[in-house]
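Visitor: Starting off with a structure, shown below.
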Amino acid sequence: MKVDVLVLGGGAAGFFSAINCSQLSPDLSVAILERGAEVLEKVRISGGGRCNLTHAVFEPKPLTEYYPRGKRELLGPFHSFMTGDTMQWFENLGVDLKIEDDGRVFPVSNSSQTVIDCFLNQAEQLGIAIFKKATVLKIEKQGLLWRVTTKNQSFEARVVIVATGSNPKILQMLGVMGFDIVPQVPSLFTFNITDTRIKDLAGLSTDAVVSLLDLDEKYLDIENSAVGKEGARGPVLVTHWGLSGPGILKLSAWGARSLKNLNYEFKIKINWLPDFSKQQVFDLLNRYRLKLAKQNLFKYTPFNLPKRLWQRLMTAAGISETQKWADLTSAEISALSEQLCSGIFRVSGKSTFKEEFVTAGGVDLKEVDFRTYESKKFEGLYLVGEVLNIDAVTGGFNFQNAWTGGFIAARDIAGKLVDVETS
């Protein structure tokens with residue numbers, strides 16, 4: 001089969017690239033190859049089935065701060081197509097959107113099916129051919145055309161867009177073609193922790209600041225990280241296996257390679273009172289010792305902290321359940337301040353964050369011209385989405401990378417192919 005544009009990968013980046021190619025140049029013939037039995041599966045499960053499309057950050061520079069890999073390279077592309085453009089694109093096609101309090105953007109319908117239907121309807125209207133169970137076996141350049149061989153048939157195309165995500169077999173093929181491939185490691189994951197301070201507290205969530213330490217309790221040196229010794233702030237969720245939530249996932253993303261090198265055996269330091277320093281908490285506890293003298297410590301917490309967590313931290317500080325504020329010793333106040341602001345927890349392993357598996361690694365960013373997303377090695381070969389060594393923290397940022405790359409690649413392809421036809 002011969003087409004103008006062949007898209008490898010029936011996910012977010014693939015569909016966005018294909019649809020924009022057809023929208024910008026309706027005369028182009030476009031086809032999508034998907035190795036699975038269904039397309040857009042990651043879109044389906046995103047955001048707990050609600051599809052977190054993007055995030056309400058509307059300036060390019062601040063938006064890049066959410067990308068541990070790709071921060072520098074995305075600045076230019078975000079000036080061309082970013083969150084506001086994404087929202088407008090979907091709303092123009094009838095997908096009403098809403099911005100939630102935490103900045104995440106979802107369809108008003110609260111259903112990822114709305115987004116899937118939008119893509120499938122557009123593909124049908126634009127005449128985009130979709131081939132499922134089409135596992136790519138070979139990608140090769142033959143003269144001016146690209147030949148892509150699958151299990152069932154072969155395709156010829158003027159342009160190929162690689163939007164296959166973290167598919168290791170495609171990365172291996174690209175490596176054989178001469179691309180530099182950065183080894184893949186998990187990027188978004190939760191921390192496995194067994195500790196009496198959080199045992200049986202699953203579901204409890206509170207804002208905290210978390211820092212990464214090695215087993216000797218030295219701060220981890222994370223290259224190009226937005227989280228240093230001061231740590232990452234965000235909601236921390238207690239799970240049956242340990243800790244999760246945006247604060248933890250931010251650390252997992254920025255520390256992806258460092259934590260892999262430690263075989264996921266490390267420690268974290270948690271300040272459960274992120275608006276206070278340890279000294280400030282020590283001083284406040286001394287004041288509460290007088291102000292709340294006759295009250296039982298276990299029955300009332302003067303801080304904005306879940307009561308059960310407060311009680312566990314007091315037990316860890318050696319304070320008894322019957323103790324009154326007036327009976328606190330300086331040593332106990334010091335120990336409680338330590339637990340509240342500098343508690344150390346040992347992490348032994350990781351768990352995948354829901355089904356939203358994200359990796360760091362992929363095609364080295366030096367291989368791509370980010371003005372067009374075209375390969376520097378091969379004319380007519382474009383790479384978009386997670387096949388590149390770009391990843392982000394949770395919150396819709398990984399999808400935004402897909403939309404931005406897909407649009408810019410499509411714009412370049414439509415312009416080049418139309419120019420060739422009219423010349």
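In the structure tokens, each chain is lettered A, B, ... as it comes, each chain's residues begin at 1, and ligands are numbered from 1 in order of appearance.
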Show which residues sit within 10 Å of Ile413 in chain A, as a list in words. Count only C-alpha atoms, and ignore same-chain residues fewer than 4 positions away.
Guide: Asp4, Val5, Ser17, Asn20, Cys21, Leu24, Ser25, Leu28, Arg158, Val159, Val160, Ile161, Thr372, Tyr373, Glu374, Gly380, Leu381, Tyr382, Phe407, Ile408, Ala409, Leu417, Val418 and Asp419 of chain A
Visitor: Store the residues of this selection in a file with C-alpha atoms, as a compact mmCIF listing (two decimals), in the first residue's frame.
Guide:
# COMPACT_ATOMS: atom_id res chain seq x y z
CA ASP A 4 1.82 10.09 1.58
CA VAL A 5 2.14 9.93 5.38
CA SER A 17 -0.04 13.87 14.12
CA ASN A 20 -3.32 17.49 11.91
CA CYS A 21 -1.59 16.34 8.71
CA LEU A 24 -3.63 21.08 7.25
CA SER A 25 -3.43 19.34 3.88
CA LEU A 28 -2.60 13.94 1.64
CA ARG A 158 6.81 9.70 1.38
CA VAL A 159 6.98 10.49 5.09
CA VAL A 160 7.00 8.35 8.24
CA ILE A 161 6.08 9.62 11.70
CA THR A 372 10.14 20.44 12.87
CA TYR A 373 10.56 17.17 14.86
CA GLU A 374 12.30 15.71 11.81
CA GLY A 380 11.17 12.44 5.83
CA LEU A 381 11.38 10.65 9.19
CA TYR A 382 9.76 12.37 12.17
CA PHE A 407 1.21 19.42 15.62
CA ILE A 408 4.65 20.81 14.72
CA ALA A 409 5.59 17.67 12.77
CA LEU A 417 4.58 17.85 0.72
CA VAL A 418 2.28 20.55 -0.63
CA ASP A 419 5.28 22.58 -1.79
Visitor: Set the distance at 8 Å and use only C-alpha atoms: which residues neighbour Arg312 in chain A once local chain neighbours fewer than 2 positions away are removed? I'd like the list as a CSV table (one decimal) with N, CA and C atoms, in the first residue's frame.
Guide:
chain,number,residue,atom,x,y,z
A,196,THR,N,5.9,1.6,60.6
A,196,THR,CA,4.7,1.6,61.6
A,196,THR,C,4.0,3.0,61.5
A,197,ARG,N,4.8,4.1,61.2
A,197,ARG,CA,4.2,5.4,61.2
A,197,ARG,C,3.1,5.6,60.1
A,198,ILE,N,3.1,4.7,59.1
A,198,ILE,CA,2.0,4.9,58.1
A,198,ILE,C,1.2,3.6,57.9
A,308,ARG,N,-4.9,10.9,62.6
A,308,ARG,CA,-4.2,9.6,62.8
A,308,ARG,C,-2.7,9.6,62.5
A,309,LEU,N,-2.3,10.5,61.6
A,309,LEU,CA,-0.9,10.6,61.3
A,309,LEU,C,-0.2,11.4,62.5
A,310,TRP,N,-0.9,12.4,63.0
A,310,TRP,CA,-0.4,13.1,64.2
A,310,TRP,C,-0.1,12.1,65.3
A,314,MET,N,3.5,11.1,67.1
A,314,MET,CA,3.8,11.3,68.5
A,314,MET,C,4.3,10.0,69.1
A,315,THR,N,3.7,8.8,68.7
A,315,THR,CA,4.1,7.5,69.2
A,315,THR,C,5.6,7.3,68.8
A,316,ALA,N,5.9,7.7,67.6
A,316,ALA,CA,7.3,7.5,67.1
A,316,ALA,C,8.3,8.4,67.9
Visitor: Excluding Val136 in chain A and its own-chain neighbours fewer than 2 positions away, which residues fall within 9 Å of it when counting only C-alpha atoms? Please give them as JSON, numbers by chain.
Guide: {"A": [8, 33, 34, 35, 134, 138, 139, 148, 149, 150, 151, 169, 170]}
Visitor: Please identify the helix (DSSP H, G or I) residues within range 242-404 of chain A (assignment by DSSP from backbone atoms) and present them as a PyMOL selection string.
Guide: chain A and resi 246-254+256-261+278-291+297-299+307-316+325-327+330-342+365-367+385-387+397-404
Visitor: If DSSP is run on the backbone, what residues of range 156-368 of chain A are strand (DSSP E or B)? A reply as a PyMOL selection string would be ideal.
Guide: chain A and resi 156-162+181-186+189-192+205-213+219+232-238+242-244+265-271+296+324+343-348+350-352+359-363+368
Visitor: Within 7 Å of range 271-287 of chain A, counting only C-alpha atoms, which residues show up once you throw out same-chain ones fewer than 4 positions away? Write them as a list in words, please.
Guide: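 In the requested form, the answer reads Asp207, Ala208, Val209, Val210, Lys291, Ile333, Ser334, Ser337, Glu338, Leu340, Cys341, Ser342 and Gly343 of chain A.
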Visitor: Pick out the residues sitting within 9 Å of Lys299 in chain A, and hand them over as number ranges by chain; count only C-alpha atoms, and ignore anything fewer than 5 positions along from it in its own chain.
Guide: A: 307, 311, 321
Visitor: Restrict the selected residues to C-alpha atoms and save them as an mmCIF file, in the first residue's frame.
Guide:
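To be explicit, this is the file written out as part-v5.cif:
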data_model
loop_
_atom_site.group_PDB
_atom_site.id
_atom_site.type_symbol
_atom_site.label_atom_id
_atom_site.label_comp_id
_atom_site.auth_asym_id
_atom_site.auth_seq_id
_atom_site.Cartn_x
_atom_site.Cartn_y
_atom_site.Cartn_z
ATOM 1 C CA LYS A 307 -5.303 13.205 63.302
ATOM 2 C CA GLN A 311 -0.922 10.263 66.634
ATOM 3 C CA GLU A 321 -1.423 8.213 74.653
#
Visitor: Go ahead and compute the interatomic distance for CA of Ala129 in chain A and CA of Ala31 in chain A, in Å to one decimal.
Guide: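 Computing the Euclidean distance for CA of Ala129 in chain A and CA of Ala31 in chain A yields 4.5 Å.
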Visitor: So what do you get for CA of Gly14 in chain A versus CA of Ser80 in chain A, distance-wise?
Guide: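 CA of Ser80 in chain A lies at a distance of 18.8 Å from CA of Gly14 in chain A.
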Visitor: Would you work out the distance separating CA of Ile344 in chain A from CA of Phe189 in chain A, expressed in Å to one decimal?
Guide: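 Computing it gives 19.3 Å between the two atoms.
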